[in-house]
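A.B. asks: Here you go, this is my_file-v6.csv (CSV, C-alpha atoms).
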```csv
chain,number,residue,atom,x,y,z
A,24,MET,CA,-15.4,14.2,16.7
A,25,LEU,CA,-15.5,17.1,14.3
A,26,LYS,CA,-18.4,19.5,14.9
A,27,MET,CA,-19.8,21.3,11.8
A,28,LYS,CA,-20.9,24.9,12.0
A,29,CYS,CA,-24.4,25.8,10.8
A,30,GLU,CA,-24.1,26.5,7.1
A,31,ARG,CA,-26.7,29.2,7.4
A,32,CYS,CA,-25.8,31.3,10.5
A,33,GLU,CA,-22.2,30.0,10.8
A,34,ILE,CA,-22.4,30.5,14.6
A,35,ASP,CA,-23.9,27.4,16.3
A,36,SER,CA,-23.0,23.8,15.8
A,37,ALA,CA,-25.1,22.0,13.1
A,38,SER,CA,-27.2,19.1,14.3
A,39,LEU,CA,-29.8,18.8,11.5
A,40,PHE,CA,-30.0,18.9,7.7
A,41,CYS,CA,-32.4,20.9,5.6
A,42,LEU,CA,-34.5,18.6,3.4
A,43,ARG,CA,-34.5,21.1,0.5
A,44,CYS,CA,-31.0,22.6,0.3
A,45,LYS,CA,-29.2,19.8,2.2
A,46,ARG,CA,-27.2,22.2,4.3
A,47,ALA,CA,-26.1,21.3,7.8
A,48,ILE,CA,-28.3,23.5,10.1
A,49,CYS,CA,-28.4,24.4,13.8
A,50,GLY,CA,-31.7,24.2,15.8
A,51,LYS,CA,-32.2,28.0,15.7
A,52,CYS,CA,-32.1,28.0,11.9
A,53,TYR,CA,-34.4,25.0,11.4
A,54,GLU,CA,-38.2,24.8,11.1
A,55,ASP,CA,-39.2,21.4,12.6
A,56,SER,CA,-42.7,21.3,11.2
A,57,LEU,CA,-41.4,21.6,7.6
A,58,GLY,CA,-38.0,20.0,7.9
A,59,LEU,CA,-36.5,23.1,6.3
A,60,CYS,CA,-34.0,25.8,7.2
A,61,SER,CA,-35.4,29.3,7.6
A,62,ASP,CA,-34.0,30.3,4.1
A,63,CYS,CA,-35.9,27.5,2.4
A,64,VAL,CA,-39.0,28.3,4.4
A,65,ASN,CA,-38.9,31.9,3.2
A,66,PHE,CA,-38.3,30.7,-0.4
A,67,LYS,CA,-41.3,28.3,-0.1
A,68,LYS,CA,-43.5,31.1,1.2
A,69,ALA,CA,-42.5,33.4,-1.6
A,70,THR,CA,-43.0,30.7,-4.2
A,71,GLU,CA,-46.5,30.0,-2.8
A,72,TRP,CA,-47.4,33.6,-2.9
A,73,ASP,CA,-46.2,33.9,-6.5
A,74,ARG,CA,-48.2,30.9,-7.5
A,75,ARG,CA,-51.3,32.2,-5.8
A,76,GLN,CA,-50.9,35.5,-7.8
A,77,LEU,CA,-50.5,33.5,-11.0
A,78,VAL,CA,-53.7,31.6,-10.3
A,79,ARG,CA,-55.5,34.9,-9.6
A,80,ILE,CA,-54.3,36.3,-12.9
A,81,LEU,CA,-55.3,33.1,-14.8
A,82,THR,CA,-58.7,33.2,-13.2
A,83,GLU,CA,-59.2,36.8,-14.5
A,84,THR,CA,-57.9,35.7,-17.9
A,85,VAL,CA,-60.4,32.9,-18.1
A,86,ARG,CA,-63.2,35.3,-17.1
A,87,ILE,CA,-62.2,37.9,-19.7
A,88,SER,CA,-61.8,35.2,-22.4
A,89,THR,CA,-65.3,33.8,-21.6
A,90,ASN,CA,-66.8,37.3,-21.9
A,91,ASN,CA,-64.9,37.9,-25.2
A,92,LEU,CA,-66.1,34.6,-26.7
A,93,GLU,CA,-69.7,35.7,-26.1
A,94,LYS,CA,-69.1,38.7,-28.4
A,95,GLN,CA,-69.7,37.8,-32.0
A,96,LYS,CA,-66.8,39.9,-33.3
A,97,CYS,CA,-64.3,38.0,-31.0
A,98,HIS,CA,-65.3,34.5,-32.2
A,99,ALA,CA,-62.7,34.5,-35.0
A,100,CYS,CA,-60.0,36.3,-33.0
A,101,GLU,CA,-56.7,34.5,-33.5
A,102,ILE,CA,-55.1,36.4,-30.6
A,103,LEU,CA,-57.8,35.2,-28.3
A,104,ARG,CA,-57.3,31.6,-29.5
A,105,TYR,CA,-53.5,31.8,-29.0
A,106,HIS,CA,-54.0,33.4,-25.6
A,107,LEU,CA,-56.3,30.6,-24.5
A,108,LEU,CA,-53.8,28.0,-25.6
A,109,PHE,CA,-51.0,29.8,-23.8
A,110,THR,CA,-53.2,29.9,-20.6
A,111,LEU,CA,-53.7,26.2,-20.9
A,112,LYS,CA,-49.9,25.6,-21.2
A,113,VAL,CA,-49.3,27.7,-18.1
A,114,LEU,CA,-51.9,25.8,-16.2
A,115,LYS,CA,-50.4,22.5,-17.4
A,116,ASN,CA,-47.0,23.5,-16.2
A,117,LEU,CA,-48.4,24.8,-12.9
A,118,GLY,CA,-50.2,21.4,-12.4
A,119,ILE,CA,-46.9,19.6,-12.9
A,120,GLU,CA,-45.2,21.9,-10.4
A,121,LEU,CA,-48.0,21.2,-7.9
A,122,GLU,CA,-47.4,17.5,-8.2
A,123,HIS,CA,-43.8,18.0,-6.8
A,124,GLU,CA,-44.5,20.9,-4.4
A,125,ASP,CA,-46.9,21.1,-1.6
A,126,LEU,CA,-48.5,24.5,-2.3
A,127,THR,CA,-51.5,24.4,-0.1
A,128,GLY,CA,-54.9,24.8,-1.7
A,129,LEU,CA,-53.8,25.4,-5.2
A,130,ARG,CA,-54.5,22.1,-6.8
A,131,ALA,CA,-58.3,22.4,-7.0
A,132,PRO,CA,-58.3,25.9,-8.4
A,133,VAL,CA,-55.7,25.0,-11.1
A,134,HIS,CA,-57.7,21.9,-12.1
A,135,GLN,CA,-61.0,24.0,-12.2
A,136,LEU,CA,-59.3,26.6,-14.4
A,137,ARG,CA,-57.9,24.0,-16.7
A,138,ASP,CA,-61.4,22.4,-17.0
A,139,ALA,CA,-62.8,25.8,-17.8
A,140,VAL,CA,-60.2,26.7,-20.4
A,141,ILE,CA,-60.5,23.6,-22.5
A,142,PRO,CA,-64.1,24.2,-23.6
A,143,LEU,CA,-63.2,27.8,-24.4
A,144,ILE,CA,-60.4,26.6,-26.7
A,145,ILE,CA,-62.8,24.2,-28.4
A,146,GLU,CA,-65.3,26.9,-28.9
A,147,ALA,CA,-62.6,29.3,-30.3
A,148,ILE,CA,-61.4,26.6,-32.7
A,149,SER,CA,-64.8,25.6,-33.8
A,150,GLN,CA,-65.9,29.1,-34.4
A,151,LYS,CA,-62.9,29.7,-36.6
A,152,LYS,CA,-63.4,26.3,-38.3
A,153,LEU,CA,-59.7,25.5,-38.0
A,154,ALA,CA,-58.0,22.2,-37.9
A,155,ALA,CA,-57.3,20.9,-34.4
A,156,ASP,CA,-53.5,20.9,-35.2
A,157,PRO,CA,-52.1,24.3,-34.2
A,158,THR,CA,-49.1,23.9,-36.5
A,159,SER,CA,-51.5,24.2,-39.5
A,160,TRP,CA,-52.9,27.5,-38.4
A,161,PRO,CA,-51.9,30.7,-40.1
A,162,ARG,CA,-49.3,32.8,-38.3
A,163,ILE,CA,-50.3,36.2,-37.0
```
Take the structure I supplied and represent it as structure tokens, if you would.
C.D. replies:
Amino acid sequence: MLKMKCERCEIDSASLFCLRCKRAICGKCYEDSLGLCSDCVNFKKATEWDRRQLVRILTETVRISTNNLEKQKCHACEILRYHLLFTLKVLKNLGIELEHEDLTGLRAPVHQLRDAVIPLIIEAISQKKLAADPTSWPRI
């Protein structure tokens, strides 16, 4: 019987497979609780950290946008409106990613942010008295 070497460390014999990268892995390079090799565990941790930072930035963006919409001079700001729409797009994409990845504790904050952004967009559009179709808006 042919023994495969671990495709990560290339030292020990492989007896497991990583669920993410599908490489043959030895017991030393495998994280039982996650079913992943140590490389994929590190990637997963880095990705989760990045997404947490993104949620933190989006939270601050929503806070600033809320404050700006309270100012009379910002009601008609096209940049603010586009910024809010972009924030909603990022939140939507992040929500899709969270459906496929188990990024602990991020689903609720992303849904809360999305629920907070939508009324801001509606307010920004209604203040400007623009059509709901963004393609009909003037370009800046």
A.B. asks: Any idea what the distance is between atom CA of Asp138 of chain A and atom CA of Gln76 of chain A?
C.D. replies: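 Separation between atom CA of Asp138 of chain A and atom CA of Gln76 of chain A: 19.1 Å.
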A.B. asks: So, with only C-alpha atoms as the atoms that count, which of A:Gln95, A:Ser61, A:Ser38, A:Thr110 lies closest to Ile141 of chain A?
C.D. replies: A:Thr110
A.B. asks: To one decimal place in Å, what is the distance between atom CA of Ile48 of chain A and atom CA of Arg74 of chain A?
C.D. replies: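 That distance, rounded to one decimal, is 27.6 Å.
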A.B. asks: Rank nothing, just name the residue among A:Ala147, A:Cys49, A:Leu42, A:Val64 nearest to Ile102 of chain A, using all atoms listed in the file.
C.D. replies: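 Of A:Ala147, A:Cys49, A:Leu42, A:Val64, the one nearest Ile102 of chain A is A:Ala147, counting all atoms listed in the file.
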A.B. asks: From the list A:Glu33, A:Glu83, A:Glu54, A:Asp73, which residue is nearest Val140 of chain A when using only C-alpha atoms?
C.D. replies: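 The answer is A:Glu83, which sits nearest to Val140 of chain A.
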A.B. asks: Around the point (-32.0, 21.1, 10.1) in the file's coordinates, collect all residues with an atom within 7 Å, using all atoms listed in the file, and return them as a list in words.
C.D. replies: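 Residues close enough to count: Ser38, Leu39, Phe40, Cys41, Ala47, Ile48, Cys49, Gly50, Tyr53, Gly58, Leu59 and Cys60 of chain A.
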A.B. asks: Pick the closest to Lys67 of chain A from A:Glu146, A:Glu93, A:Glu101, A:Asp125: which is it, counting only C-alpha atoms?
C.D. replies: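 Going through A:Glu146, A:Glu93, A:Glu101, A:Asp125 one by one, the smallest distance to Lys67 of chain A is for A:Asp125.
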A.B. asks: Which distance in Å separates atom CA of Asn116 of chain A and atom CA of Ile144 of chain A, to one decimal?
C.D. replies: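 These two atoms are separated by 17.3 Å.
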A.B. asks: Between A:Cys44, A:Ile34, A:Met27, A:Leu111, single out the one closest to Thr82 of chain A, counting only C-alpha atoms.
C.D. replies: A:Leu111
A.B. asks: Using only C-alpha atoms, which of A:Arg75, A:His106, A:Arg31, A:Arg86 sits nearest Gly128 of chain A?
C.D. replies: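 Under the stated criterion, the closest residue is A:Arg75.
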A.B. asks: Using all atoms listed in the file, which protein or nucleic acid residues come within 10 Å of Leu117 of chain A? Drop anything in the same chain fewer than 6 positions from it, and give the result as number ranges by chain.
C.D. replies: A: 74, 77-78, 111, 129-130, 133-134
A.B. asks: Env of Asn91 of chain A: 12 Å cut, atoms = all atoms listed in the file, seq-sep filter 3 positions within chain, self excluded. Answer as a list of chain:residue names.
C.D. replies: A:Thr84, A:Val85, A:Arg86, A:Ile87, A:Ser88, A:Lys94, A:Gln95, A:Lys96, A:Cys97, A:His98, A:Ala99, A:Cys100, A:Ile102, A:Leu103, A:Arg104, A:His106, A:Leu107, A:Leu143, A:Glu146, A:Ala147
A.B. asks: Using the partial input, fill out segment 32-61 of chain A with N, CA and C atoms; write the result as a PDB file, in the coordinates of the input.
C.D. replies:
```pdb
ATOM      1  N   CYS A  32     -26.188  30.237   9.589  1.00  0.00           N
ATOM      2  CA  CYS A  32     -25.800  31.300  10.500  1.00  0.00           C
ATOM      3  C   CYS A  32     -24.268  31.337  10.737  1.00  0.00           C
ATOM      4  N   GLU A  33     -23.629  30.198  10.551  1.00  0.00           N
ATOM      5  CA  GLU A  33     -22.200  30.000  10.800  1.00  0.00           C
ATOM      6  C   GLU A  33     -21.783  30.378  12.223  1.00  0.00           C
ATOM      7  N   ILE A  34     -22.711  30.204  13.175  1.00  0.00           N
ATOM      8  CA  ILE A  34     -22.400  30.500  14.600  1.00  0.00           C
ATOM      9  C   ILE A  34     -22.501  29.230  15.411  1.00  0.00           C
ATOM     10  N   ASP A  35     -23.659  28.608  15.442  1.00  0.00           N
ATOM     11  CA  ASP A  35     -23.900  27.400  16.300  1.00  0.00           C
ATOM     12  C   ASP A  35     -23.461  26.153  15.552  1.00  0.00           C
ATOM     13  N   SER A  36     -23.358  25.091  16.330  1.00  0.00           N
ATOM     14  CA  SER A  36     -23.000  23.800  15.800  1.00  0.00           C
ATOM     15  C   SER A  36     -24.254  23.208  15.055  1.00  0.00           C
ATOM     16  N   ALA A  37     -24.008  22.601  13.914  1.00  0.00           N
ATOM     17  CA  ALA A  37     -25.100  22.000  13.100  1.00  0.00           C
ATOM     18  C   ALA A  37     -25.433  20.633  13.704  1.00  0.00           C
ATOM     19  N   SER A  38     -26.728  20.376  13.815  1.00  0.00           N
ATOM     20  CA  SER A  38     -27.200  19.100  14.300  1.00  0.00           C
ATOM     21  C   SER A  38     -28.274  18.490  13.403  1.00  0.00           C
ATOM     22  N   LEU A  39     -28.687  19.232  12.380  1.00  0.00           N
ATOM     23  CA  LEU A  39     -29.800  18.800  11.500  1.00  0.00           C
ATOM     24  C   LEU A  39     -29.390  19.121  10.037  1.00  0.00           C
ATOM     25  N   PHE A  40     -30.177  18.579   9.118  1.00  0.00           N
ATOM     26  CA  PHE A  40     -30.000  18.900   7.700  1.00  0.00           C
ATOM     27  C   PHE A  40     -31.304  19.349   7.118  1.00  0.00           C
ATOM     28  N   CYS A  41     -31.233  20.386   6.303  1.00  0.00           N
ATOM     29  CA  CYS A  41     -32.400  20.900   5.600  1.00  0.00           C
ATOM     30  C   CYS A  41     -32.782  19.915   4.500  1.00  0.00           C
ATOM     31  N   LEU A  42     -34.048  19.573   4.420  1.00  0.00           N
ATOM     32  CA  LEU A  42     -34.500  18.600   3.400  1.00  0.00           C
ATOM     33  C   LEU A  42     -34.456  19.198   1.992  1.00  0.00           C
ATOM     34  N   ARG A  43     -34.513  20.513   1.858  1.00  0.00           N
ATOM     35  CA  ARG A  43     -34.500  21.100   0.500  1.00  0.00           C
ATOM     36  C   ARG A  43     -33.107  21.432   0.029  1.00  0.00           C
ATOM     37  N   CYS A  44     -32.342  22.166   0.794  1.00  0.00           N
ATOM     38  CA  CYS A  44     -31.000  22.600   0.300  1.00  0.00           C
ATOM     39  C   CYS A  44     -29.880  21.701   0.765  1.00  0.00           C
ATOM     40  N   LYS A  45     -30.186  20.769   1.674  1.00  0.00           N
ATOM     41  CA  LYS A  45     -29.200  19.800   2.200  1.00  0.00           C
ATOM     42  C   LYS A  45     -28.056  20.352   2.948  1.00  0.00           C
ATOM     43  N   ARG A  46     -28.224  21.573   3.458  1.00  0.00           N
ATOM     44  CA  ARG A  46     -27.200  22.200   4.300  1.00  0.00           C
ATOM     45  C   ARG A  46     -27.288  21.663   5.713  1.00  0.00           C
ATOM     46  N   ALA A  47     -26.151  21.637   6.393  1.00  0.00           N
ATOM     47  CA  ALA A  47     -26.100  21.300   7.800  1.00  0.00           C
ATOM     48  C   ALA A  47     -26.612  22.571   8.561  1.00  0.00           C
ATOM     49  N   ILE A  48     -27.596  22.383   9.451  1.00  0.00           N
ATOM     50  CA  ILE A  48     -28.300  23.500  10.100  1.00  0.00           C
ATOM     51  C   ILE A  48     -28.357  23.318  11.584  1.00  0.00           C
ATOM     52  N   CYS A  49     -28.263  24.434  12.318  1.00  0.00           N
ATOM     53  CA  CYS A  49     -28.400  24.400  13.800  1.00  0.00           C
ATOM     54  C   CYS A  49     -29.930  24.438  14.106  1.00  0.00           C
ATOM     55  N   GLY A  50     -30.279  24.175  15.337  1.00  0.00           N
ATOM     56  CA  GLY A  50     -31.700  24.200  15.800  1.00  0.00           C
ATOM     57  C   GLY A  50     -32.354  25.517  15.647  1.00  0.00           C
ATOM     58  N   LYS A  51     -31.603  26.619  15.786  1.00  0.00           N
ATOM     59  CA  LYS A  51     -32.200  28.000  15.700  1.00  0.00           C
ATOM     60  C   LYS A  51     -32.596  28.304  14.255  1.00  0.00           C
ATOM     61  N   CYS A  52     -31.899  27.734  13.302  1.00  0.00           N
ATOM     62  CA  CYS A  52     -32.100  28.000  11.900  1.00  0.00           C
ATOM     63  C   CYS A  52     -33.035  27.003  11.209  1.00  0.00           C
ATOM     64  N   TYR A  53     -33.624  26.102  11.969  1.00  0.00           N
ATOM     65  CA  TYR A  53     -34.400  25.000  11.400  1.00  0.00           C
ATOM     66  C   TYR A  53     -35.837  25.073  11.824  1.00  0.00           C
ATOM     67  N   GLU A  54     -36.732  24.827  10.876  1.00  0.00           N
ATOM     68  CA  GLU A  54     -38.200  24.800  11.100  1.00  0.00           C
ATOM     69  C   GLU A  54     -38.609  23.354  11.205  1.00  0.00           C
ATOM     70  N   ASP A  55     -38.842  22.860  12.434  1.00  0.00           N
ATOM     71  CA  ASP A  55     -39.200  21.400  12.600  1.00  0.00           C
ATOM     72  C   ASP A  55     -40.385  20.976  11.862  1.00  0.00           C
ATOM     73  N   SER A  56     -41.435  21.788  11.821  1.00  0.00           N
ATOM     74  CA  SER A  56     -42.700  21.300  11.200  1.00  0.00           C
ATOM     75  C   SER A  56     -42.547  21.089   9.705  1.00  0.00           C
ATOM     76  N   LEU A  57     -41.613  21.779   9.059  1.00  0.00           N
ATOM     77  CA  LEU A  57     -41.400  21.600   7.600  1.00  0.00           C
ATOM     78  C   LEU A  57     -40.167  20.838   7.257  1.00  0.00           C
ATOM     79  N   GLY A  58     -39.253  20.713   8.201  1.00  0.00           N
ATOM     80  CA  GLY A  58     -38.000  20.000   7.900  1.00  0.00           C
ATOM     81  C   GLY A  58     -37.076  20.863   7.047  1.00  0.00           C
ATOM     82  N   LEU A  59     -37.229  22.190   7.125  1.00  0.00           N
ATOM     83  CA  LEU A  59     -36.500  23.100   6.300  1.00  0.00           C
ATOM     84  C   LEU A  59     -35.742  24.142   7.108  1.00  0.00           C
ATOM     85  N   CYS A  60     -34.653  24.671   6.527  1.00  0.00           N
ATOM     86  CA  CYS A  60     -34.000  25.800   7.200  1.00  0.00           C
ATOM     87  C   CYS A  60     -34.831  27.054   6.948  1.00  0.00           C
ATOM     88  N   SER A  61     -34.549  28.100   7.687  1.00  0.00           N
ATOM     89  CA  SER A  61     -35.400  29.300   7.600  1.00  0.00           C
ATOM     90  C   SER A  61     -35.253  29.958   6.196  1.00  0.00           C
TER      91      SER A  61
END
```
